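Structure file work-v3.txt; described as compact mmCIF, C-alpha atoms.
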# COMPACT_ATOMS: atom_id res chain seq x y z
CA MET A 27 90.20 -36.37 56.53
CA GLY A 28 92.66 -39.04 57.62
CA LYS A 29 96.07 -38.63 59.15
CA ARG A 30 98.58 -37.18 56.69
CA VAL A 31 102.34 -37.10 57.13
CA PHE A 32 104.36 -34.71 54.96
CA LEU A 33 107.99 -35.85 54.94
CA ILE A 34 110.11 -33.19 53.23
CA VAL A 35 113.76 -33.85 52.33
CA LEU A 36 115.87 -30.73 51.84
CA ASP A 37 118.33 -32.49 49.57
CA SER A 38 121.87 -32.03 51.00
CA LEU A 39 121.16 -29.77 54.03
CA GLY A 40 123.82 -31.22 56.33
CA ILE A 41 124.47 -29.68 59.75
CA GLY A 42 128.05 -30.67 60.50
CA GLU A 43 130.67 -33.33 59.93
CA MET A 44 130.15 -36.81 61.31
CA PRO A 45 132.98 -38.41 63.32
CA ASP A 46 134.11 -40.45 60.31
CA ALA A 47 133.93 -37.53 57.85
CA ALA A 48 137.69 -37.58 57.26
CA LEU A 49 137.40 -41.10 55.81
CA PHE A 50 135.17 -39.62 53.12
CA GLY A 51 137.37 -36.57 52.54
CA ASP A 52 134.88 -34.30 54.31
CA ALA A 53 136.60 -33.11 57.49
CA GLY A 54 135.25 -29.71 58.50
CA SER A 55 132.16 -29.81 56.29
CA ASN A 56 129.04 -28.07 57.59
CA THR A 57 126.49 -27.10 54.96
CA LEU A 58 124.21 -25.09 57.25
CA ARG A 59 127.11 -23.18 58.79
CA ALA A 60 128.38 -22.35 55.30
CA ILE A 61 125.17 -20.60 54.29
CA ARG A 62 123.78 -19.15 57.52
CA SER A 63 126.31 -16.32 57.70
CA HIS A 64 125.47 -15.09 54.18
CA GLU A 65 123.40 -11.91 54.04
CA ALA A 66 120.83 -13.69 51.85
CA PHE A 67 120.07 -16.19 54.63
CA HIS A 68 116.77 -15.39 56.38
CA CYS A 69 114.97 -18.39 57.88
CA PRO A 70 112.77 -17.22 60.80
CA ASN A 71 110.31 -20.11 60.49
CA LEU A 72 113.00 -22.78 60.66
CA GLU A 73 114.54 -20.91 63.58
CA LYS A 74 111.19 -20.83 65.42
CA MET A 75 110.80 -24.55 64.80
CA GLY A 76 114.11 -25.14 66.56
CA LEU A 77 116.60 -25.76 63.76
CA PHE A 78 119.34 -23.95 65.65
CA SER A 79 118.64 -25.88 68.84
CA ILE A 80 119.98 -29.07 67.28
CA GLU A 81 123.27 -30.09 68.85
CA GLY A 82 126.27 -29.09 66.77
CA VAL A 83 124.61 -26.22 64.90
CA GLY A 84 125.98 -23.64 67.30
CA MET A 85 122.92 -21.50 68.08
CA THR A 86 120.16 -21.92 70.64
CA THR A 87 116.52 -20.89 70.61
CA GLY A 88 113.16 -22.26 71.69
CA GLY A 89 111.29 -24.37 69.18
CA LYS A 90 107.71 -24.84 67.97
CA ALA A 91 108.78 -28.27 66.69
CA SER A 92 110.61 -31.16 68.27
CA PHE A 93 114.02 -31.87 66.85
CA ALA A 94 116.96 -34.26 66.52
CA ARG A 95 120.36 -34.58 64.95
CA MET A 96 120.37 -37.61 62.62
CA ARG A 97 123.44 -39.80 62.15
CA GLU A 98 123.81 -41.79 58.96
CA ALA A 99 124.38 -45.44 59.82
CA SER A 100 124.93 -46.47 56.20
CA MET A 101 128.38 -46.39 54.63
CA GLY A 102 127.69 -43.68 52.13
CA LYS A 103 126.79 -40.08 51.51
CA ASP A 104 124.67 -40.20 48.39
CA THR A 105 121.03 -39.57 47.53
CA THR A 106 119.98 -43.18 47.08
CA VAL A 107 121.54 -44.55 50.26
CA GLY A 108 120.35 -41.54 52.27
CA HIS A 109 116.73 -41.86 51.19
CA TRP A 110 116.75 -45.64 51.56
CA GLU A 111 117.96 -45.21 55.13
CA ILE A 112 115.23 -42.66 55.90
CA ALA A 113 112.79 -45.35 54.72
CA GLY A 114 114.33 -48.08 56.87
CA ILE A 115 117.29 -49.65 55.04
CA VAL A 116 120.83 -49.36 56.41
CA SER A 117 123.41 -50.06 53.71
CA ALA A 118 126.54 -51.72 55.06
CA LYS A 119 128.47 -51.16 51.82
CA PRO A 120 128.62 -47.95 49.78
CA LEU A 121 127.30 -48.05 46.24
CA PRO A 122 130.12 -48.14 43.66
CA THR A 123 131.57 -44.90 42.34
CA TYR A 124 133.97 -44.33 39.46
CA PRO A 125 136.38 -41.42 39.98
CA ASN A 126 138.41 -42.59 36.96
CA GLY A 127 135.45 -43.49 34.76
CA PHE A 128 133.92 -46.90 34.14
CA PRO A 129 136.14 -49.92 33.40
CA ASP A 130 136.65 -50.93 29.78
CA GLU A 131 134.60 -54.08 30.26
CA VAL A 132 131.57 -52.05 31.38
CA ILE A 133 131.78 -49.61 28.48
CA GLY A 134 132.50 -52.39 25.99
CA LYS A 135 129.49 -54.41 27.13
CA PHE A 136 127.23 -51.35 26.95
CA GLU A 137 128.39 -50.58 23.40
CA ALA A 138 127.85 -54.20 22.35
CA LEU A 139 124.34 -54.32 23.82
CA THR A 140 123.21 -50.98 22.37
CA GLY A 141 125.14 -50.88 19.10
CA LYS A 142 126.18 -47.33 19.97
CA ARG A 143 129.67 -46.00 20.57
CA VAL A 144 130.26 -43.79 23.62
CA PHE A 145 132.76 -41.14 24.61
CA CYS A 146 133.78 -39.03 27.64
CA ASN A 147 133.50 -41.76 30.36
CA ARG A 148 134.74 -39.71 33.28
CA PRO A 149 133.30 -37.66 36.14
CA TYR A 150 131.90 -34.41 34.77
CA SER A 151 129.65 -31.47 35.53
CA GLY A 152 126.36 -32.00 33.73
CA THR A 153 126.48 -28.60 32.07
CA GLU A 154 130.19 -28.60 31.23
CA VAL A 155 130.00 -32.03 29.62
CA LEU A 156 127.57 -30.62 27.05
CA LEU A 157 129.88 -27.71 26.25
CA ASP A 158 132.84 -30.04 25.80
CA TYR A 159 131.14 -32.94 24.02
CA GLY A 160 127.78 -31.72 22.72
CA LYS A 161 128.94 -30.76 19.21
CA GLN A 162 130.88 -34.01 18.82
CA HIS A 163 127.76 -35.93 19.80
CA GLU A 164 125.58 -34.04 17.32
CA GLU A 165 128.05 -34.76 14.52
CA SER A 166 128.61 -38.45 15.29
CA GLY A 167 125.47 -39.63 17.07
CA ASP A 168 127.66 -41.35 19.67
CA LEU A 169 126.38 -41.23 23.25
CA ILE A 170 127.91 -39.10 25.99
CA VAL A 171 128.44 -41.36 29.00
CA TYR A 172 129.75 -39.82 32.20
CA THR A 173 129.57 -40.15 35.97
CA SER A 174 130.05 -37.93 39.02
CA ALA A 175 131.08 -38.31 42.64
CA ASP A 176 127.73 -40.10 43.09
CA SER A 177 126.99 -43.71 42.18
CA VAL A 178 125.57 -42.85 38.75
CA PHE A 179 125.86 -43.89 35.09
CA GLN A 180 124.65 -40.89 33.09
CA ILE A 181 123.82 -40.88 29.39
CA ALA A 182 123.39 -37.57 27.56
CA ALA A 183 122.04 -37.15 24.03
CA HIS A 184 120.50 -34.35 21.97
CA THR A 185 116.78 -34.85 21.40
CA ASP A 186 117.16 -34.15 17.65
CA ARG A 187 119.85 -36.85 17.35
CA VAL A 188 118.43 -39.41 19.80
CA PRO A 189 114.70 -39.17 20.63
CA VAL A 190 113.95 -39.21 24.35
CA GLU A 191 112.24 -42.60 24.30
CA GLU A 192 115.23 -44.10 22.46
CA LEU A 193 117.55 -42.65 25.11
CA TYR A 194 115.35 -44.17 27.81
CA GLY A 195 115.76 -47.50 26.04
CA TYR A 196 119.55 -47.24 26.27
CA CYS A 197 119.21 -46.37 29.96
CA LYS A 198 117.08 -49.46 30.55
CA VAL A 199 119.79 -51.57 28.91
CA ALA A 200 122.40 -50.01 31.20
CA ARG A 201 120.21 -50.50 34.27
CA LYS A 202 119.79 -54.22 33.54
CA MET A 203 123.51 -54.58 32.73
CA LEU A 204 124.87 -52.81 35.81
CA GLU A 205 124.60 -55.46 38.51
CA GLY A 206 126.82 -57.11 41.10
CA GLU A 207 129.95 -55.08 41.77
CA HIS A 208 128.83 -52.47 39.22
CA ALA A 209 125.28 -52.02 40.57
CA VAL A 210 125.26 -48.22 40.59
CA GLY A 211 122.51 -46.44 42.46
CA ARG A 212 121.09 -44.67 39.42
CA VAL A 213 121.25 -44.72 35.65
CA ILE A 214 120.25 -41.21 34.57
CA ALA A 215 118.90 -40.13 31.19
CA ARG A 216 120.19 -36.64 30.40
CA PRO A 217 118.50 -35.48 27.18
CA PHE A 218 119.24 -31.96 26.01
CA GLU A 219 118.11 -29.60 23.28
CA GLY A 220 119.08 -26.30 21.66
CA GLU A 221 122.20 -25.21 19.84
CA TYR A 222 125.81 -24.97 21.01
CA PRO A 223 126.76 -23.32 23.33
CA ASN A 224 123.25 -22.70 24.64
CA TYR A 225 122.18 -26.29 25.24
CA ARG A 226 119.36 -26.91 27.71
CA ARG A 227 118.91 -30.11 29.71
CA VAL A 228 115.34 -31.45 29.62
CA TYR A 229 113.23 -34.46 30.68
CA ARG A 230 115.71 -35.97 33.14
CA HIS A 231 114.72 -39.44 34.24
CA ASP A 232 116.40 -41.72 36.81
CA PHE A 233 116.41 -45.50 36.54
CA SER A 234 117.25 -46.51 40.08
CA LEU A 235 118.46 -49.67 41.69
CA GLU A 236 115.52 -51.30 43.43
CA PRO A 237 115.75 -51.21 47.24
CA PRO A 238 117.22 -54.51 48.45
CA ARG A 239 114.80 -54.89 51.36
CA THR A 240 111.33 -53.87 52.46
CA THR A 241 110.90 -50.16 53.20
CA MET A 242 108.50 -47.93 55.06
CA LEU A 243 106.76 -47.31 51.73
CA ASP A 244 106.09 -51.02 51.18
CA PHE A 245 104.47 -51.37 54.60
CA LEU A 246 102.31 -48.26 54.15
CA THR A 247 101.11 -49.59 50.80
CA GLU A 248 100.38 -53.05 52.22
CA HIS A 249 98.17 -51.42 54.85
CA GLY A 250 96.14 -49.55 52.26
CA LEU A 251 97.59 -46.11 52.98
CA SER A 252 98.43 -43.52 50.36
CA THR A 253 102.06 -43.04 49.34
CA ILE A 254 102.47 -39.89 47.25
CA ALA A 255 105.96 -39.14 45.90
CA VAL A 256 106.82 -35.55 44.96
CA GLY A 257 109.99 -34.88 42.98
CA LYS A 258 112.52 -37.67 42.44
CA ILE A 259 111.29 -39.88 45.31
CA GLY A 260 109.60 -42.28 42.88
CA ASP A 261 112.80 -42.68 40.91
CA ILE A 262 114.93 -43.21 44.03
CA PHE A 263 112.75 -46.14 45.10
CA SER A 264 112.29 -47.49 41.56
CA MET A 265 108.56 -46.82 42.09
CA ARG A 266 108.31 -49.62 44.64
CA GLY A 267 105.78 -48.83 47.33
CA ILE A 268 104.80 -45.63 45.49
CA GLY A 269 101.09 -45.13 44.85
CA GLU A 270 101.35 -41.79 43.04
CA HIS A 271 104.38 -40.18 41.41
CA LEU A 272 104.40 -36.39 40.89
CA PRO A 273 107.69 -35.37 39.24
CA THR A 274 108.95 -31.79 39.40
CA ASP A 275 111.47 -29.56 37.68
CA GLY A 276 112.80 -28.04 40.88
CA ASN A 277 112.03 -26.70 44.34
CA ARG A 278 109.34 -24.20 43.42
CA ARG A 279 107.24 -26.75 41.59
CA GLY A 280 107.77 -29.25 44.41
CA MET A 281 106.59 -26.75 47.01
CA GLU A 282 103.63 -25.76 44.84
CA ILE A 283 102.50 -29.38 44.45
CA THR A 284 102.95 -30.10 48.16
CA GLN A 285 100.96 -27.00 49.11
CA LYS A 286 98.13 -28.01 46.75
CA LEU A 287 98.05 -31.54 48.14
CA ALA A 288 97.81 -30.22 51.69
CA ALA A 289 95.06 -27.76 50.80
CA THR A 290 92.89 -29.90 48.53
CA ARG A 291 93.58 -33.62 48.88
CA ASP A 292 91.84 -35.76 51.48
CA PHE A 293 94.09 -38.80 51.91
CA SER A 294 95.43 -40.94 54.72
CA GLY A 295 99.11 -41.77 54.48
CA LEU A 296 102.42 -40.25 53.45
CA CYS A 297 103.42 -37.46 51.11
CA PHE A 298 107.19 -37.92 50.61
CA VAL A 299 108.85 -34.85 49.05
CA ASN A 300 112.35 -34.23 47.69
CA LEU A 301 113.47 -30.65 47.03
CA VAL A 302 116.49 -31.20 44.78
CA ASP A 303 117.71 -27.69 43.95
CA PHE A 304 119.70 -27.37 47.19
CA ASP A 305 121.93 -30.19 45.97
CA MET A 306 121.74 -29.93 42.20
CA LEU A 307 121.88 -26.18 41.66
CA TRP A 308 123.77 -24.86 44.69
CA GLY A 309 125.61 -27.54 46.65
CA HIS A 310 127.34 -29.21 43.72
CA ARG A 311 128.12 -25.85 42.15
CA ASN A 312 129.61 -24.34 45.32
CA ASP A 313 127.06 -21.54 45.22
CA VAL A 314 126.80 -20.31 48.82
CA GLU A 315 124.57 -17.37 47.96
CA GLY A 316 122.23 -19.49 45.85
CA TYR A 317 121.93 -22.06 48.64
CA ALA A 318 121.22 -19.34 51.22
CA ARG A 319 118.57 -17.77 49.00
CA GLY A 320 117.06 -21.17 48.24
CA LEU A 321 116.67 -22.11 51.90
CA SER A 322 115.24 -18.66 52.63
CA GLU A 323 112.67 -19.17 49.87
CA PHE A 324 111.73 -22.53 51.36
CA ASP A 325 111.43 -20.91 54.79
CA ALA A 326 109.05 -18.26 53.46
CA TRP A 327 106.94 -20.99 51.83
CA LEU A 328 107.01 -23.11 54.99
CA GLY A 329 105.19 -20.51 57.07
CA GLY A 330 102.17 -20.62 54.78
CA PHE A 331 102.33 -24.38 54.38
CA LEU A 332 102.20 -25.02 58.13
CA ASP A 333 99.10 -22.83 58.32
CA THR A 334 97.48 -25.14 55.74
CA ILE A 335 97.93 -28.53 57.39
CA GLY A 336 95.06 -30.08 59.31
CA GLU A 337 94.44 -31.11 62.91
CA ASP A 338 95.85 -34.63 62.49
CA ASP A 339 98.63 -33.75 60.02
CA VAL A 340 102.33 -33.99 60.81
CA CYS A 341 105.23 -32.38 58.96
CA ILE A 342 108.76 -33.79 59.18
CA ILE A 343 111.71 -31.90 57.66
CA THR A 344 115.07 -33.61 57.18
CA ALA A 345 117.91 -34.17 54.70
CA ASP A 346 119.69 -37.11 53.06
CA HIS A 347 123.37 -36.01 53.30
CA GLY A 348 125.39 -32.80 53.16
CA CYS A 349 126.89 -30.85 50.24
CA ASP A 350 128.87 -27.98 51.73
CA PRO A 351 129.07 -25.27 49.05
CA SER A 352 131.96 -23.50 50.79
CA THR A 353 134.54 -26.29 50.49
CA PRO A 354 136.75 -26.88 47.43
CA SER A 355 134.95 -30.18 46.79
CA THR A 356 131.77 -30.23 44.70
CA ASP A 357 130.89 -33.66 46.09
CA HIS A 358 128.37 -34.59 48.77
CA SER A 359 129.68 -34.39 52.34
CA ARG A 360 129.43 -36.89 55.20
CA GLU A 361 127.35 -34.88 57.66
CA TYR A 362 124.69 -35.18 60.30
CA THR A 363 121.27 -34.05 59.12
CA PRO A 364 118.49 -32.17 60.93
CA MET A 365 115.07 -33.55 61.83
CA LEU A 366 112.21 -31.24 62.73
CA ILE A 367 108.75 -32.63 63.46
CA ILE A 368 105.68 -30.45 63.95
CA GLY A 369 101.90 -30.76 64.09
CA LYS A 370 98.99 -30.16 66.41
CA THR A 371 99.35 -33.72 67.73
CA ILE A 372 103.12 -33.31 68.26
CA ARG A 373 104.78 -31.83 71.33
CA ALA A 374 107.03 -28.82 70.86
CA SER A 375 110.65 -28.37 71.93
CA VAL A 376 111.40 -32.02 72.66
CA ASP A 377 115.15 -32.51 72.18
CA LEU A 378 115.57 -36.04 70.84
CA GLY A 379 119.36 -35.73 70.84
CA THR A 380 121.52 -37.48 68.28
CA ARG A 381 119.76 -40.44 66.73
CA ASN A 382 121.65 -43.54 65.63
CA SER A 383 120.14 -43.71 62.16
CA PHE A 384 118.10 -41.80 59.58
CA ALA A 385 115.89 -44.91 59.73
CA ASP A 386 114.37 -43.67 62.99
CA ILE A 387 112.23 -41.42 60.77
CA GLY A 388 110.76 -44.31 58.79
CA SER A 389 110.11 -46.27 61.96
CA THR A 390 108.35 -43.25 63.47
CA VAL A 391 106.15 -42.78 60.41
CA LEU A 392 104.99 -46.40 60.61
CA ASP A 393 104.41 -46.02 64.34
CA MET A 394 102.15 -43.02 63.69
CA PHE A 395 99.87 -45.26 61.64
CA GLY A 396 99.97 -48.13 64.12
CA ILE A 397 102.09 -50.32 61.84
CA ASP A 398 104.71 -52.66 63.30
CA SER A 399 108.09 -51.20 62.35
CA SER A 400 110.26 -54.04 63.68
CA GLU A 401 111.02 -55.34 60.18
CA ILE A 402 112.83 -52.17 59.13
CA ALA A 403 115.87 -50.55 60.70
CA GLY A 404 115.49 -47.69 63.13
CA GLU A 405 113.84 -46.91 66.44
CA SER A 406 110.64 -44.88 66.58
CA PHE A 407 110.63 -41.64 68.58
CA TYR A 408 106.85 -41.21 68.27
CA ASP A 409 106.14 -41.94 71.94
CA ALA A 410 108.55 -39.18 72.95
CA VAL A 411 106.86 -36.48 70.83
CA LYS A 412 103.16 -37.32 70.62
CA ARG A 413 100.73 -35.29 72.65
CA GLU A 414 98.61 -37.31 75.04
CA GLU A 415 94.89 -37.15 74.28
CA GLY A 416 92.82 -35.15 76.69
I need this file expressed as structure tokens, please.
Amino acid sequence: MGKRVFLIVLDSLGIGEMPDAALFGDAGSNTLRAIRSHEAFHCPNLEKMGLFSIEGVGMTTGGKASFARMREASMGKDTTVGHWEIAGIVSAKPLPTYPNGFPDEVIGKFEALTGKRVFCNRPYSGTEVLLDYGKQHEESGDLIVYTSADSVFQIAAHTDRVPVEELYGYCKVARKMLEGEHAVGRVIARPFEGEYPNYRRVYRHDFSLEPPRTTMLDFLTEHGLSTIAVGKIGDIFSMRGIGEHLPTDGNRRGMEITQKLAATRDFSGLCFVNLVDFDMLWGHRNDVEGYARGLSEFDAWLGGFLDTIGEDDVCIITADHGCDPSTPSTDHSREYTPMLIIGKTIRASVDLGTRNSFADIGSTVLDMFGIDSSEIAGESFYDAVKREEG
């Protein structure tokens, strides 16, 4: 069995406001603090790994893992920019967002290219938009186009009115159209089924902006190593540098797939995992209890998973941004993120301090495989945590 790195992103698990948080409207945000006082929060494995030893979290304990507080160097707080930075790209400009909906010229061009009229065109909750516009869509066949606080162009349609593949076609048109100043991070297909008011969203698919520069994934692929994407990782990177894409419908399926890979698959390379429910189901919906229960469920799974990994395997746990469920905002929050790294070849309880970029993770992964990381952003911390042989 070769060396395997399992890089798990707990989507939105921030650990405290960054110094520039106020510029993003996020002063005082701290996702972990918001959930750790809830009675449903029980995370002994993360505690033993040293999660609460990270500066700024406010608790101290010894750790089985080494740890760091990660600072986002990119100008953003969204999924795409966060994951790109983990993989070695620092984005100097935030991706465009549309708090007042898309400009008339964007909507007009989309309608002309698709031959379909659209309505809504404003930031909306994905479930509420169906309640407010689903019946109108079923009657007219017009497309529901909406956005959110993220850099997204979302298209919703009922599967009986617009078949899924047809909806994907409209998304591909939008993806090709949205360039330059309107190059949003993701065009998202949001098909749904059922009858009002009990609509169900199904078959989500993201059509992402391709990373503008070479990433950790590209270098791993070039060196013949496996790159397995679990969850929405493949979509985030527009499948570039991805050898195998294993989509999921939520955290439980993502954890199940990751556990199976660790137990049964002999590969050398990276398994890159996104667990989206923290963000999608609990952060954006201001559900403190749900978030606390979700992280506790992950913690319970983590204990068994760490018992599964092999002698040369390494597990890294991090996040891509915050999404404090206790604040009035339902948006992502500009926060530091945690980094925990553990494995039999990794030293325990090394405090790596506050790192200058999420990209240090990507650089470290390349370093583990002996690949020159100088062409991506970030500074490797592998030398500081690896156990010396003998």
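Counting only C-alpha atoms, the residue from A:Met101, A:Gly167, A:Gly369, A:Thr173 that sits nearest to Val31 of chain A is A:Gly369.
Of the listed residues (A:Gly330, A:Gly336, A:Pro237, A:Pro351), A:Gly330 comes nearest to Asn71 of chain A; the distances count only C-alpha atoms.
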Closest atom pairs, segment 303-368 of chain A residues within 10 Å of segment 54-59 of chain A, all atoms listed in the file, as a tab-separated table:
residue	atom	partner	partner_atom	distance
A:Gly309	CA	A:Thr57	CA	8.4
A:Val314	CA	A:Thr57	CA	9.2
A:Tyr317	CA	A:Thr57	CA	9.3
A:Ala318	CA	A:Leu58	CA	8.9
A:Leu321	CA	A:Leu58	CA	9.7
A:His347	CA	A:Thr57	CA	9.6
A:Gly348	CA	A:Thr57	CA	6.1
A:Cys349	CA	A:Thr57	CA	6.0
A:Asp350	CA	A:Thr57	CA	4.1
A:Pro351	CA	A:Thr57	CA	6.7
A:Ser352	CA	A:Thr57	CA	7.8
A:Thr353	CA	A:Ser55	CA	7.2
A:Ser355	CA	A:Ser55	CA	9.9
A:His358	CA	A:Ser55	CA	9.7
A:Ser359	CA	A:Ser55	CA	6.5
A:Arg360	CA	A:Ser55	CA	7.7
A:Glu361	CA	A:Asn56	CA	7.0
A:Tyr362	CA	A:Asn56	CA	8.8
A:Thr363	CA	A:Leu58	CA	9.6
A:Pro364	CA	A:Leu58	CA	9.8
Next on the checklist: Quick check, in Å to one decimal: how far apart do atom CA of Met365 of chain A and atom CA of Asp393 of chain A lie?
Outcome noted: 16.6 Å
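Distance annotation: of A:Ala182, A:Ala403, A:Met75, A:Ala374, the residue with the minimal separation from Arg239 of chain A is A:Ala403; atom set is only C-alpha atoms.
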Checklist entry - Hey, what's within 6 Å of segment 379-387 of chain A if we count all atoms listed in the file and toss same-chain stuff fewer than 5 positions away? As a PyMOL selection string, please? => result chain A and resi 94-99+111-114+403-406
Item to check | Using only C-alpha atoms: which of A:Asp338, A:Glu236, A:Asp275, A:Asp292 has the shortest distance to Glu205 of chain A | outcome: A:Glu236
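Take atom CA of His310 of chain A and atom CA of Pro217 of chain A: the distance between them is 19.8 Å.
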Kindly provide, as an mmCIF file with C-alpha atoms, in the frame of the given file, the polymer residues lying within 7 Å of (112.9, -34.0, 47.7), counting all atoms listed in the file and using the coordinates exactly as they appear in the file.
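And here is the file that came out, point17.cif:
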data_model
loop_
_atom_site.group_PDB
_atom_site.id
_atom_site.type_symbol
_atom_site.label_atom_id
_atom_site.label_comp_id
_atom_site.auth_asym_id
_atom_site.auth_seq_id
_atom_site.Cartn_x
_atom_site.Cartn_y
_atom_site.Cartn_z
ATOM 1 C CA ILE A 34 110.110 -33.190 53.230
ATOM 2 C CA VAL A 35 113.760 -33.850 52.330
ATOM 3 C CA LEU A 36 115.870 -30.730 51.840
ATOM 4 C CA ASP A 37 118.330 -32.490 49.570
ATOM 5 C CA VAL A 256 106.820 -35.550 44.960
ATOM 6 C CA GLY A 257 109.990 -34.880 42.980
ATOM 7 C CA LYS A 258 112.520 -37.670 42.440
ATOM 8 C CA ILE A 259 111.290 -39.880 45.310
ATOM 9 C CA VAL A 299 108.850 -34.850 49.050
ATOM 10 C CA ASN A 300 112.350 -34.230 47.690
ATOM 11 C CA LEU A 301 113.470 -30.650 47.030
ATOM 12 C CA VAL A 302 116.490 -31.200 44.780
#
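Between Asp325 of chain A and the candidates A:Lys135, A:Gly195, A:Met281, A:Tyr150, the tightest atom-to-atom separation, counting only C-alpha atoms, involves A:Met281.
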